[in-house]
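File shown: coords-v4.pdb. Contents: PDB, C-alpha atoms.
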```
ATOM      1  CA  MET A  57       0.000   0.000   0.000
ATOM      2  CA  ALA A  58       1.247   3.460  -0.854
ATOM      3  CA  ASP A  59       2.216   5.721   2.053
ATOM      4  CA  ASP A  60       3.520   9.243   2.590
ATOM      5  CA  GLY A  61       6.874  10.088   1.050
ATOM      6  CA  LEU A  62       6.010  10.667  -2.610
ATOM      7  CA  GLY A  63       7.493  14.151  -2.384
ATOM      8  CA  ALA A  64      10.736  12.938  -0.821
ATOM      9  CA  PRO A  65      13.942  12.755  -2.890
ATOM     10  CA  ALA A  66      14.382   9.548  -4.858
ATOM     11  CA  ASP A  67      17.534   8.950  -2.813
ATOM     12  CA  PHE A  68      15.205   8.352   0.138
ATOM     13  CA  ALA A  69      13.528   5.533  -1.792
ATOM     14  CA  LEU A  70      16.946   4.123  -2.685
ATOM     15  CA  SER A  71      17.998   3.991   0.983
ATOM     16  CA  ALA A  72      14.702   2.394   1.993
ATOM     17  CA  TRP A  73      15.031  -0.224  -0.742
ATOM     18  CA  LEU A  74      18.583  -1.137   0.268
ATOM     19  CA  ASP A  75      17.484  -1.428   3.911
ATOM     20  CA  HIS A  76      14.709  -3.758   2.747
ATOM     21  CA  LEU A  77      17.159  -5.932   0.792
ATOM     22  CA  ALA A  78      19.540  -6.087   3.740
ATOM     23  CA  GLY A  79      16.971  -6.695   6.454
ATOM     24  CA  GLU A  80      14.301  -8.832   4.823
ATOM     25  CA  LYS A  81      16.029 -10.360   1.819
ATOM     26  CA  ARG A  82      19.385 -10.719   3.598
ATOM     27  CA  TYR A  83      21.400  -9.850   0.512
ATOM     28  CA  SER A  84      25.175  -9.929   0.853
ATOM     29  CA  THR A  85      27.198  -6.764   1.392
ATOM     30  CA  ASN A  86      28.726  -7.046  -2.083
ATOM     31  CA  THR A  87      25.297  -7.362  -3.726
ATOM     32  CA  LEU A  88      23.941  -4.401  -1.783
ATOM     33  CA  GLU A  89      26.909  -2.248  -2.788
ATOM     34  CA  SER A  90      26.522  -3.267  -6.427
ATOM     35  CA  TYR A  91      22.768  -2.618  -6.519
ATOM     36  CA  GLY A  92      23.142   0.682  -4.689
ATOM     37  CA  ARG A  93      25.875   1.836  -7.050
ATOM     38  CA  ASP A  94      23.833   0.895 -10.132
ATOM     39  CA  VAL A  95      20.642   2.667  -9.072
ATOM     40  CA  GLU A  96      22.512   5.677  -7.702
ATOM     41  CA  GLY A  97      24.161   6.002 -11.116
ATOM     42  CA  PHE A  98      20.713   5.929 -12.720
ATOM     43  CA  LEU A  99      19.445   8.707 -10.438
ATOM     44  CA  ASP A 100      22.557  10.834 -11.072
ATOM     45  CA  PHE A 101      22.137  10.434 -14.819
ATOM     46  CA  GLN A 102      18.478  11.469 -14.674
ATOM     47  CA  PHE A 103      19.510  14.585 -12.733
ATOM     48  CA  SER A 104      21.804  15.662 -15.557
ATOM     49  CA  HIS A 105      19.371  14.407 -18.210
ATOM     50  CA  CYS A 106      16.234  16.071 -16.821
ATOM     51  CA  GLY A 107      17.873  19.029 -15.081
ATOM     52  CA  THR A 108      16.334  18.347 -11.677
ATOM     53  CA  ARG A 109      16.633  15.869  -8.857
ATOM     54  CA  LEU A 110      13.945  13.216  -9.004
ATOM     55  CA  THR A 111      11.425  12.779  -6.221
ATOM     56  CA  VAL A 112       9.801   9.455  -5.373
ATOM     57  CA  SER A 113       6.726  10.406  -7.394
ATOM     58  CA  GLY A 114       8.978  11.634 -10.208
ATOM     59  CA  LEU A 115      10.302   8.092 -10.645
ATOM     60  CA  GLY A 116       6.921   7.118 -12.058
ATOM     61  CA  GLN A 117       6.912  10.002 -14.531
ATOM     62  CA  LEU A 118       9.997   8.897 -16.429
ATOM     63  CA  LYS A 119       9.504   7.574 -19.951
ATOM     64  CA  ALA A 120      11.083   4.562 -21.614
ATOM     65  CA  ALA A 121      13.198   7.026 -23.623
ATOM     66  CA  ASP A 122      14.729   8.356 -20.378
ATOM     67  CA  ILE A 123      15.738   4.857 -19.349
ATOM     68  CA  ARG A 124      17.112   4.033 -22.790
ATOM     69  CA  ALA A 125      19.151   7.255 -22.704
ATOM     70  CA  TRP A 126      20.736   6.085 -19.464
ATOM     71  CA  LEU A 127      21.590   2.698 -20.953
ATOM     72  CA  ALA A 128      23.043   4.365 -24.055
ATOM     73  CA  ASP A 129      25.223   6.557 -21.842
ATOM     74  CA  ARG A 130      26.446   3.488 -19.968
ATOM     75  CA  ARG A 131      27.165   1.752 -23.276
ATOM     76  CA  ARG A 132      29.244   4.718 -24.469
ATOM     77  CA  ASP A 133      31.276   4.369 -21.264
ATOM     78  CA  GLY A 134      32.104   0.815 -22.297
ATOM     79  CA  ALA A 135      29.525  -1.198 -20.342
ATOM     80  CA  SER A 136      29.036  -4.702 -21.725
ATOM     81  CA  ALA A 137      25.687  -6.287 -22.504
ATOM     82  CA  ARG A 138      26.039  -8.311 -19.307
ATOM     83  CA  SER A 139      26.580  -5.153 -17.245
ATOM     84  CA  LEU A 140      23.619  -3.410 -18.898
ATOM     85  CA  ALA A 141      21.423  -6.399 -18.100
ATOM     86  CA  ARG A 142      22.569  -6.222 -14.475
ATOM     87  CA  TYR A 143      21.787  -2.495 -14.305
ATOM     88  CA  LEU A 144      18.279  -3.131 -15.584
ATOM     89  CA  SER A 145      17.779  -5.992 -13.138
ATOM     90  CA  ALA A 146      18.698  -3.741 -10.213
ATOM     91  CA  LEU A 147      16.456  -0.955 -11.519
ATOM     92  CA  ARG A 148      13.493  -3.312 -11.925
ATOM     93  CA  SER A 149      13.915  -4.532  -8.362
ATOM     94  CA  PHE A 150      14.068  -0.924  -7.155
ATOM     95  CA  TYR A 151      10.920   0.050  -9.059
ATOM     96  CA  ALA A 152       9.056  -3.045  -7.859
ATOM     97  CA  TYR A 153       9.767  -1.986  -4.281
ATOM     98  CA  ALA A 154       8.749   1.629  -4.982
ATOM     99  CA  ASP A 155       5.513   0.371  -6.534
ATOM    100  CA  ARG A 156       4.639  -1.752  -3.501
ATOM    101  CA  ARG A 157       5.421   0.989  -1.016
ATOM    102  CA  TRP A 158       4.407   4.196  -2.782
ATOM    103  CA  GLY A 159       2.462   3.069  -5.830
ATOM    104  CA  VAL A 160       5.164   4.327  -8.209
ATOM    105  CA  ASP A 161       4.374   3.422 -11.821
ATOM    106  CA  GLY A 162       7.199   1.409 -13.369
ATOM    107  CA  SER A 163       5.453   0.528 -16.632
ATOM    108  CA  ALA A 164       8.068   2.420 -18.662
ATOM    109  CA  LEU A 165      10.594  -0.252 -17.684
ATOM    110  CA  GLY A 166       8.438  -2.865 -19.361
ATOM    111  CA  LEU A 167       9.027  -1.120 -22.683
ATOM    112  CA  VAL A 168      12.823  -1.379 -22.374
ATOM    113  CA  GLU A 169      14.322  -4.620 -23.667
ATOM    114  CA  THR A 170      17.084  -6.315 -21.752
ATOM    115  CA  PRO A 171      20.248  -6.578 -23.886
ATOM    116  CA  LYS A 172      20.992 -10.085 -25.081
ATOM    117  CA  VAL A 173      23.863 -11.486 -23.063
ATOM    118  CA  PRO A 174      26.221 -13.898 -24.851
ATOM    119  CA  ARG A 175      26.140 -17.283 -23.210
ATOM    120  CA  SER A 176      29.324 -18.023 -21.309
ATOM    121  CA  LEU A 177      30.070 -21.455 -19.934
ATOM    122  CA  PRO A 178      31.969 -22.124 -16.703
ATOM    123  CA  ARG A 179      35.621 -22.952 -17.281
ATOM    124  CA  PRO A 180      36.497 -25.754 -14.860
ATOM    125  CA  VAL A 181      40.031 -27.039 -14.408
ATOM    126  CA  SER A 182      40.839 -30.677 -15.038
ATOM    127  CA  ALA A 183      41.085 -33.173 -12.187
ATOM    128  CA  ASP A 184      44.822 -33.401 -12.807
ATOM    129  CA  ALA A 185      45.246 -29.602 -12.677
ATOM    130  CA  ALA A 186      43.265 -29.459  -9.427
ATOM    131  CA  ARG A 187      45.561 -32.066  -7.893
ATOM    132  CA  GLN A 188      48.610 -30.142  -9.081
ATOM    133  CA  LEU A 189      47.348 -26.913  -7.513
ATOM    134  CA  ILE A 190      46.822 -28.542  -4.146
ATOM    135  CA  ALA A 191      50.146 -30.398  -4.234
ATOM    136  CA  GLU A 192      51.994 -27.207  -5.212
ATOM    137  CA  THR A 193      51.012 -25.526  -1.935
ATOM    138  CA  GLU A 194      53.702 -27.659  -0.275
ATOM    139  CA  ALA A 195      56.436 -26.790  -2.792
ATOM    140  CA  ARG A 196      56.704 -23.020  -2.255
ATOM    141  CA  GLY A 197      58.902 -22.995   0.818
ATOM    142  CA  LYS A 198      56.206 -21.449   3.017
ATOM    143  CA  PRO A 199      55.866 -22.243   6.738
ATOM    144  CA  ALA A 200      54.175 -25.592   7.250
ATOM    145  CA  TRP A 201      50.993 -24.098   8.748
ATOM    146  CA  ILE A 202      50.519 -21.733   5.787
ATOM    147  CA  ALA A 203      51.033 -24.553   3.282
ATOM    148  CA  ALA A 204      48.507 -26.644   5.222
ATOM    149  CA  ARG A 205      46.058 -23.738   5.348
ATOM    150  CA  ASP A 206      46.295 -23.100   1.610
ATOM    151  CA  ALA A 207      45.787 -26.760   0.776
ATOM    152  CA  ALA A 208      42.765 -26.920   3.098
ATOM    153  CA  VAL A 209      41.124 -23.872   1.487
ATOM    154  CA  LEU A 210      41.590 -25.220  -2.038
ATOM    155  CA  LEU A 211      40.295 -28.639  -1.026
ATOM    156  CA  LEU A 212      37.141 -27.082   0.411
ATOM    157  CA  LEU A 213      36.504 -25.362  -2.928
ATOM    158  CA  TYR A 214      37.213 -28.434  -5.039
ATOM    159  CA  GLY A 215      36.127 -31.212  -2.685
ATOM    160  CA  CYS A 216      32.972 -29.572  -1.280
ATOM    161  CA  GLY A 217      32.094 -27.091  -4.026
ATOM    162  CA  LEU A 218      32.130 -24.099  -1.688
ATOM    163  CA  ARG A 219      32.326 -20.474  -2.734
ATOM    164  CA  ILE A 220      35.375 -18.604  -1.401
ATOM    165  CA  SER A 221      33.179 -16.609   0.990
ATOM    166  CA  GLU A 222      31.609 -19.817   2.305
ATOM    167  CA  ALA A 223      34.961 -21.464   2.966
ATOM    168  CA  LEU A 224      36.330 -18.362   4.687
ATOM    169  CA  SER A 225      33.208 -18.031   6.847
ATOM    170  CA  LEU A 226      34.051 -21.236   8.722
ATOM    171  CA  GLU A 227      34.695 -20.670  12.411
ATOM    172  CA  GLY A 228      36.614 -22.499  15.104
ATOM    173  CA  ARG A 229      33.382 -24.136  16.271
ATOM    174  CA  ASP A 230      33.172 -25.946  12.916
ATOM    175  CA  LEU A 231      36.396 -27.845  13.676
ATOM    176  CA  PRO A 232      37.103 -30.680  13.508
ATOM    177  CA  LEU A 233      34.970 -31.280  10.440
ATOM    178  CA  GLY A 234      32.581 -34.208  10.516
ATOM    179  CA  ASP A 235      31.101 -36.202   7.678
ATOM    180  CA  MET A 236      28.720 -33.333   6.837
ATOM    181  CA  LEU A 237      29.265 -29.582   6.870
ATOM    182  CA  ARG A 238      26.477 -27.035   7.323
ATOM    183  CA  VAL A 239      27.175 -24.128   4.966
ATOM    184  CA  THR A 240      25.505 -20.721   4.950
ATOM    185  CA  GLY A 241      25.394 -19.407   1.389
ATOM    186  CA  LYS A 242      23.750 -16.608  -0.550
ATOM    187  CA  GLY A 243      20.638 -15.151   1.006
ATOM    188  CA  GLN A 244      21.620 -16.744   4.326
ATOM    189  CA  LYS A 245      20.347 -20.088   3.026
ATOM    190  CA  THR A 246      21.913 -23.124   4.652
ATOM    191  CA  ARG A 247      22.710 -26.468   3.095
ATOM    192  CA  LEU A 248      24.479 -29.671   4.105
ATOM    193  CA  VAL A 249      27.538 -30.730   2.125
ATOM    194  CA  PRO A 250      29.327 -34.097   2.478
ATOM    195  CA  VAL A 251      32.969 -33.787   3.532
ATOM    196  CA  LEU A 252      35.452 -36.065   1.800
ATOM    197  CA  PRO A 253      38.114 -37.739   3.990
ATOM    198  CA  ALA A 254      40.858 -35.804   2.145
ATOM    199  CA  VAL A 255      39.160 -32.491   3.004
ATOM    200  CA  ARG A 256      38.643 -33.502   6.623
ATOM    201  CA  GLU A 257      42.263 -34.597   6.977
ATOM    202  CA  ALA A 258      43.554 -31.366   5.418
ATOM    203  CA  MET A 259      41.496 -29.252   7.829
ATOM    204  CA  THR A 260      42.637 -31.315  10.802
ATOM    205  CA  ARG A 261      46.289 -30.905   9.781
ATOM    206  CA  TYR A 262      45.888 -27.158   9.326
ATOM    207  CA  ALA A 263      44.183 -26.754  12.714
ATOM    208  CA  ALA A 264      46.968 -28.711  14.410
ATOM    209  CA  LEU A 265      49.710 -26.585  12.813
ATOM    210  CA  CYS A 266      48.034 -23.160  13.040
ATOM    211  CA  PRO A 267      49.921 -21.013  15.604
ATOM    212  CA  PHE A 268      46.800 -19.052  16.559
ATOM    213  CA  ASP A 269      44.008 -20.000  18.931
ATOM    214  CA  LEU A 270      41.050 -21.004  16.767
ATOM    215  CA  ALA A 271      38.356 -19.815  19.168
ATOM    216  CA  PRO A 272      34.818 -21.132  18.559
ATOM    217  CA  ASP A 273      33.506 -17.701  17.556
ATOM    218  CA  GLY A 274      36.598 -16.706  15.555
ATOM    219  CA  PRO A 275      37.575 -17.357  11.928
ATOM    220  CA  ALA A 276      38.956 -20.793  11.175
ATOM    221  CA  PHE A 277      41.290 -19.508   8.463
ATOM    222  CA  ARG A 278      43.917 -17.030   9.592
ATOM    223  CA  ALA A 279      46.264 -14.684   7.773
ATOM    224  CA  VAL A 280      49.955 -14.430   8.667
ATOM    225  CA  ARG A 281      49.336 -12.028  11.565
ATOM    226  CA  GLY A 282      46.314 -13.838  12.913
ATOM    227  CA  SER A 283      43.497 -11.823  11.362
ATOM    228  CA  ALA A 284      40.839 -13.465   9.228
ATOM    229  CA  LEU A 285      42.085 -14.700   5.860
ATOM    230  CA  GLY A 286      40.523 -12.647   3.042
ATOM    231  CA  SER A 287      39.240 -13.630  -0.385
ATOM    232  CA  ARG A 288      41.908 -11.568  -2.138
ATOM    233  CA  ALA A 289      44.589 -13.646  -0.453
ATOM    234  CA  VAL A 290      42.974 -16.817  -1.832
ATOM    235  CA  GLN A 291      42.773 -15.291  -5.306
ATOM    236  CA  ALA A 292      46.439 -14.264  -5.063
ATOM    237  CA  LEU A 293      47.287 -17.812  -3.979
ATOM    238  CA  ALA A 294      45.604 -19.273  -7.067
ATOM    239  CA  ALA A 295      47.410 -16.759  -9.298
ATOM    240  CA  GLU A 296      50.774 -17.714  -7.778
ATOM    241  CA  LEU A 297      50.132 -21.439  -8.113
ATOM    242  CA  ARG A 298      48.906 -21.302 -11.706
ATOM    243  CA  GLY A 299      51.954 -19.195 -12.588
ATOM    244  CA  ARG A 300      54.281 -21.777 -11.053
ATOM    245  CA  LEU A 301      52.497 -24.599 -12.887
ATOM    246  CA  GLY A 302      51.984 -22.822 -16.206
ATOM    247  CA  LEU A 303      48.192 -23.152 -16.046
ATOM    248  CA  SER A 304      45.773 -20.832 -17.826
ATOM    249  CA  ALA A 305      44.414 -17.588 -16.360
ATOM    250  CA  SER A 306      41.009 -19.258 -16.034
ATOM    251  CA  THR A 307      42.420 -21.392 -13.193
ATOM    252  CA  THR A 308      40.827 -19.379 -10.404
ATOM    253  CA  PRO A 309      39.463 -20.332  -6.980
ATOM    254  CA  HIS A 310      35.911 -20.209  -8.373
ATOM    255  CA  ALA A 311      36.966 -22.517 -11.219
ATOM    256  CA  LEU A 312      37.576 -25.186  -8.573
ATOM    257  CA  ARG A 313      33.895 -24.916  -7.580
ATOM    258  CA  HIS A 314      32.988 -25.280 -11.265
ATOM    259  CA  SER A 315      35.241 -28.344 -11.404
ATOM    260  CA  PHE A 316      33.473 -29.868  -8.402
ATOM    261  CA  ALA A 317      30.147 -29.658 -10.256
ATOM    262  CA  THR A 318      31.462 -30.688 -13.670
ATOM    263  CA  HIS A 319      33.394 -33.692 -12.375
ATOM    264  CA  LEU A 320      30.412 -34.846 -10.314
ATOM    265  CA  LEU A 321      28.217 -34.663 -13.402
ATOM    266  CA  ALA A 322      30.789 -36.543 -15.461
ATOM    267  CA  GLY A 323      30.874 -39.226 -12.772
ATOM    268  CA  GLY A 324      27.133 -39.809 -12.963
ATOM    269  CA  GLY A 325      25.764 -37.238 -10.524
ATOM    270  CA  ASP A 326      22.296 -35.867 -11.276
ATOM    271  CA  LEU A 327      21.605 -32.167 -11.715
ATOM    272  CA  ARG A 328      19.121 -31.908  -8.851
ATOM    273  CA  THR A 329      21.624 -33.265  -6.342
ATOM    274  CA  ILE A 330      24.389 -31.021  -7.701
ATOM    275  CA  GLN A 331      22.019 -28.050  -7.405
ATOM    276  CA  GLU A 332      21.533 -28.801  -3.708
ATOM    277  CA  LEU A 333      25.262 -29.277  -3.107
ATOM    278  CA  LEU A 334      26.111 -25.970  -4.795
ATOM    279  CA  GLY A 335      23.305 -24.063  -3.092
ATOM    280  CA  HIS A 336      21.766 -22.820  -6.349
ATOM    281  CA  ALA A 337      18.322 -21.284  -5.923
ATOM    282  CA  SER A 338      17.085 -22.660  -9.247
ATOM    283  CA  LEU A 339      17.927 -25.660 -11.384
ATOM    284  CA  SER A 340      18.569 -23.420 -14.401
ATOM    285  CA  SER A 341      21.761 -22.174 -12.721
ATOM    286  CA  THR A 342      22.989 -25.760 -12.459
ATOM    287  CA  GLN A 343      21.967 -26.883 -15.945
ATOM    288  CA  ILE A 344      24.816 -24.897 -17.472
ATOM    289  CA  TYR A 345      27.178 -27.641 -16.258
ATOM    290  CA  ALA A 346      25.384 -30.109 -18.500
ATOM    291  CA  ALA A 347      26.355 -27.891 -21.439
ATOM    292  CA  VAL A 348      29.983 -27.872 -20.264
ATOM    293  CA  GLU A 349      30.039 -31.656 -20.076
ATOM    294  CA  GLY A 350      28.351 -31.909 -23.485
ATOM    295  CA  ASP A 351      30.908 -29.588 -25.064
ATOM    296  CA  GLN A 352      33.760 -31.635 -23.598
ATOM    297  CA  LEU A 353      32.269 -34.873 -24.922
ATOM    298  CA  ALA A 354      31.850 -33.298 -28.349
ATOM    299  CA  ALA A 355      35.481 -32.181 -28.330
ATOM    300  CA  VAL A 356      36.671 -35.672 -27.399
ATOM    301  CA  HIS A 357      34.477 -37.172 -30.113
ATOM    302  CA  ALA A 358      35.768 -34.749 -32.736
ATOM    303  CA  ALA A 359      39.369 -35.503 -31.817
ATOM    304  CA  ALA A 360      39.067 -39.278 -31.570
ATOM    305  CA  HIS A 361      36.367 -40.535 -33.915
ATOM    306  CA  PRO A 362      37.714 -41.507 -37.369
ATOM    307  CA  ARG A 363      34.668 -40.087 -39.135
ATOM    308  CA  ALA A 364      35.087 -36.726 -37.384
ATOM    309  CA  ARG A 365      38.568 -36.136 -38.790
ATOM    310  CA  ARG A 366      38.945 -33.838 -41.712
ATOM    311  CA  ARG A 367      40.445 -35.374 -44.806
TER     312      ARG A 367
END
```
Show the structure stored in the file as structure tokens.
Amino acid sequence: MADDGLGAPADFALSAWLDHLAGEKRYSTNTLESYGRDVEGFLDFQFSHCGTRLTVSGLGQLKAADIRAWLADRRRDGASARSLARYLSALRSFYAYADRRWGVDGSALGLVETPKVPRSLPRPVSADAARQLIAETEARGKPAWIAARDAAVLLLLYGCGLRISEALSLEGRDLPLGDMLRVTGKGQKTRLVPVLPAVREAMTRYAALCPFDLAPDGPAFRAVRGSALGSRAVQALAAELRGRLGLSASTTPHALRHSFATHLLAGGGDLRTIQELLGHASLSSTQIYAAVEGDQLAAVHAAAHPRARRR
């Protein structure tokens, strides 16, 4: 139901929307920052485009041409089709909230087509490359506890299919790992993930060697000085290891999560189970791994089948 506030600046609606996403939807900090930045950029553009700061009611008076002008400006700045689609997604969510709360008309958005985004497939690393990455953590001359920590992080990504943020959110109370691990993922949704013996052993070794007290309410993974290990450190680790091994730039921490899904599918796992293990909200997000596996099979067929060879 609409309430007072139609004459307030549109920035007021933006703040209220972000509070709603944080409090009720439990969106991550990174998502909130991204959405806020995208919609704030839209409001700033409309200020320069229309010559006045928009009010909440003024949001409903914009035309499709005003929105297209904003997208065209973003495109001139080098935004990709994927980025433009993300901007529109954030704006639609913002308008949907403004409609529910203040009755703001967002019909102009329905006249703006979302740019077609080229399909991009995940780029998993091979099982052999994954093993090399993990083994290489021991060959860099680092202190034993750091080598053990790095191996444990990578094994969580590859052996359990965790996101970096999920692995780094583990606390001392989660140790030692059992046969199942309760993971809190996007949207604060929890799921249970089986823990392979190799992952459990790596975490146990790291915990035994770590020089810091892994308190129950503290981070399980520690940086050199004892603070929580950050995602950038894990990304830097992957970059160092792939450089030492001569692997491609697509060998990233997230690629290990892709590998977890792709290798499970290749081994006979079904998509619904893989969806649950990855914590995907919808099956469509998981189905892309079927395309990866199909492409790999086609490549093997083309290389090996006598009839596929060019004469």
Determine, using all atoms listed in the file, which residues of range 164-247 of chain A have any atom at most 10 Å from an atom of range 299-320 of chain A, and tabulate each with its shortest atom pair and distance in Å to one decimal place, rows ordered by chain and then rising number, as JSON lines.
```
{"residue": "A:Leu177", "atom": "CA", "partner": "A:His314", "partner_atom": "CA", "distance": 9.9}
{"residue": "A:Pro178", "atom": "CA", "partner": "A:His314", "partner_atom": "CA", "distance": 6.4}
{"residue": "A:Arg179", "atom": "CA", "partner": "A:Ala311", "partner_atom": "CA", "distance": 6.2}
{"residue": "A:Pro180", "atom": "CA", "partner": "A:Ser315", "partner_atom": "CA", "distance": 4.5}
{"residue": "A:Val181", "atom": "CA", "partner": "A:Ser315", "partner_atom": "CA", "distance": 5.8}
{"residue": "A:Ser182", "atom": "CA", "partner": "A:Ser315", "partner_atom": "CA", "distance": 7.1}
{"residue": "A:Ala183", "atom": "CA", "partner": "A:Ser315", "partner_atom": "CA", "distance": 7.6}
{"residue": "A:Ala185", "atom": "CA", "partner": "A:Leu303", "partner_atom": "CA", "distance": 7.9}
{"residue": "A:Ala186", "atom": "CA", "partner": "A:Leu312", "partner_atom": "CA", "distance": 7.2}
{"residue": "A:Gln188", "atom": "CA", "partner": "A:Leu301", "partner_atom": "CA", "distance": 7.8}
{"residue": "A:Leu189", "atom": "CA", "partner": "A:Leu301", "partner_atom": "CA", "distance": 7.8}
{"residue": "A:Glu192", "atom": "CA", "partner": "A:Leu301", "partner_atom": "CA", "distance": 8.1}
{"residue": "A:Ala195", "atom": "CA", "partner": "A:Arg300", "partner_atom": "CA", "distance": 9.9}
{"residue": "A:Arg196", "atom": "CA", "partner": "A:Arg300", "partner_atom": "CA", "distance": 9.2}
{"residue": "A:Val209", "atom": "CA", "partner": "A:Pro309", "partner_atom": "CA", "distance": 9.3}
{"residue": "A:Leu210", "atom": "CA", "partner": "A:Pro309", "partner_atom": "CA", "distance": 7.3}
{"residue": "A:Leu211", "atom": "CA", "partner": "A:Leu312", "partner_atom": "CA", "distance": 8.7}
{"residue": "A:Leu212", "atom": "CA", "partner": "A:Arg313", "partner_atom": "CA", "distance": 8.9}
{"residue": "A:Leu213", "atom": "CA", "partner": "A:Arg313", "partner_atom": "CA", "distance": 5.4}
{"residue": "A:Tyr214", "atom": "CA", "partner": "A:Leu312", "partner_atom": "CA", "distance": 4.8}
{"residue": "A:Gly215", "atom": "CA", "partner": "A:Phe316", "partner_atom": "CA", "distance": 6.4}
{"residue": "A:Cys216", "atom": "CA", "partner": "A:Phe316", "partner_atom": "CA", "distance": 7.1}
{"residue": "A:Gly217", "atom": "CA", "partner": "A:Arg313", "partner_atom": "CA", "distance": 4.5}
{"residue": "A:Leu218", "atom": "CA", "partner": "A:Arg313", "partner_atom": "CA", "distance": 6.2}
{"residue": "A:Arg219", "atom": "CA", "partner": "A:His310", "partner_atom": "CA", "distance": 6.7}
{"residue": "A:Ile220", "atom": "CA", "partner": "A:Pro309", "partner_atom": "CA", "distance": 7.1}
```
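Under the PyMOL selection byres ((chain A and resi 84) around 12), the matching residues in the shown file are Leu74, Asp75, Leu77, Ala78, Gly79, Glu80, Lys81, Arg82, Tyr83, Thr85, Asn86, Thr87, Leu88, Glu89, Ser90, Tyr91, Ser221, Glu222, Thr240, Gly241, Lys242, Gly243, Gln244 and Lys245 of chain A.
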Report task. Mind giving me the straight-line distance from CA of Ser113 in chain A to CA of Leu62 in chain A in Å, one decimal? Result -> 4.8 Å
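Atom to atom, CA of Asp94 in chain A and CA of Ala146 in chain A stand 6.9 Å apart.
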Requested in this report: Excluding Pro253 in chain A and any residue of its chain fewer than 2 positions from it, enumerate the residues within 12 Å of it, using only C-alpha atoms, and give them as a VMD selection string.
Outcome: chain A and resid 208 211 to 212 215 to 216 232 to 236 250 to 251 255 to 260
Requested in this report: Run the PyMOL selection byres ((chain A and resi 121) around 12) mentally over the shown coordinates, then write out the matched residues as a list in words, using the chain letters and numbers from the document.
Outcome: Gln102, His105, Cys106, Gln117, Leu118, Lys119, Ala120, Asp122, Ile123, Arg124, Ala125, Trp126, Leu127, Ala128, Ala164, Leu165, Gly166, Leu167, Val168 and Glu169 of chain A
Query raised in the report: What is the distance, in Å and to one decimal place, between CA of Asp133 in chain A and CA of Arg109 in chain A?
Result: 22.4 Å
Requested in this report: Would you mind listing what lies within 8 Å of Trp201 in chain A as a VMD selection string, with all atoms listed in the file counted and same-chain residues fewer than 5 positions away left out?
Outcome: chain A and resid 262 265 to 267
Once you have the residues from the selection above, write them out as a PDB file, keeping the file's coordinate frame, restricted to C-alpha atoms.
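Printed below is again.pdb as written:
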```pdb
ATOM      1  CA  TYR A 262      45.888 -27.158   9.326  1.00  0.00           C
ATOM      2  CA  LEU A 265      49.710 -26.585  12.813  1.00  0.00           C
ATOM      3  CA  CYS A 266      48.034 -23.160  13.040  1.00  0.00           C
ATOM      4  CA  PRO A 267      49.921 -21.013  15.604  1.00  0.00           C
TER       5      PRO A 267
END
```
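Applied to this file, the PyMOL selection byres ((chain A and resi 335) around 8) selects the residues A:Gly241, A:Lys242, A:Lys245, A:Thr246, A:Arg247, A:Gln331, A:Glu332, A:Leu333, A:Leu334, A:His336, A:Ala337.
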Requested in this report: Write out as a PyMOL selection string each polymer residue whose atoms come within 9 Å of Leu293 in chain A, counting all atoms listed in the file; drop sequence neighbours fewer than 4 positions from it.
Outcome: chain A and resi 193+206+288-289+297-298+309
**Report entry** Expected answer as a list in words: all residues with atoms within 12 Å of (3.5, 3.7, -2.8), all atoms listed in the file
**Finding:** Met57, Ala58, Asp59, Asp60, Gly61, Leu62, Gly63, Ala64, Ala69, Val112, Ser113, Leu115, Gly116, Tyr151, Ala152, Tyr153, Ala154, Asp155, Arg156, Arg157, Trp158, Gly159, Val160, Asp161 and Gly162 of chain A
Fill-in result for range 164-172 of chain A, N, CA and C atoms as a PDB file, in the coordinates of the input:
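As written to disk, out-v3.pdb reads:
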```pdb
ATOM      1  N   ALA A 164       7.110   2.032 -17.619  1.00  0.00           N
ATOM      2  CA  ALA A 164       8.068   2.420 -18.662  1.00  0.00           C
ATOM      3  C   ALA A 164       9.188   1.390 -18.775  1.00  0.00           C
ATOM      4  N   LEU A 165       9.537   0.764 -17.668  1.00  0.00           N
ATOM      5  CA  LEU A 165      10.594  -0.252 -17.684  1.00  0.00           C
ATOM      6  C   LEU A 165      10.202  -1.449 -18.531  1.00  0.00           C
ATOM      7  N   GLY A 166       8.898  -1.733 -18.568  1.00  0.00           N
ATOM      8  CA  GLY A 166       8.438  -2.865 -19.361  1.00  0.00           C
ATOM      9  C   GLY A 166       8.614  -2.665 -20.846  1.00  0.00           C
ATOM     10  N   LEU A 167       8.833  -1.429 -21.261  1.00  0.00           N
ATOM     11  CA  LEU A 167       9.027  -1.120 -22.683  1.00  0.00           C
ATOM     12  C   LEU A 167      10.496  -1.139 -23.090  1.00  0.00           C
ATOM     13  N   VAL A 168      11.375  -1.382 -22.108  1.00  0.00           N
ATOM     14  CA  VAL A 168      12.823  -1.379 -22.374  1.00  0.00           C
ATOM     15  C   VAL A 168      13.300  -2.821 -22.413  1.00  0.00           C
ATOM     16  N   GLU A 169      13.847  -3.245 -23.526  1.00  0.00           N
ATOM     17  CA  GLU A 169      14.322  -4.620 -23.667  1.00  0.00           C
ATOM     18  C   GLU A 169      15.667  -4.812 -22.977  1.00  0.00           C
ATOM     19  N   THR A 170      15.798  -5.956 -22.355  1.00  0.00           N
ATOM     20  CA  THR A 170      17.084  -6.315 -21.752  1.00  0.00           C
ATOM     21  C   THR A 170      18.055  -6.725 -22.847  1.00  0.00           C
ATOM     22  N   PRO A 171      19.262  -6.186 -22.869  1.00  0.00           N
ATOM     23  CA  PRO A 171      20.248  -6.578 -23.886  1.00  0.00           C
ATOM     24  C   PRO A 171      20.512  -8.078 -23.843  1.00  0.00           C
ATOM     25  N   LYS A 172      20.688  -8.661 -25.009  1.00  0.00           N
ATOM     26  CA  LYS A 172      20.992 -10.085 -25.081  1.00  0.00           C
ATOM     27  C   LYS A 172      22.422 -10.317 -24.603  1.00  0.00           C
TER      28      LYS A 172
END
```
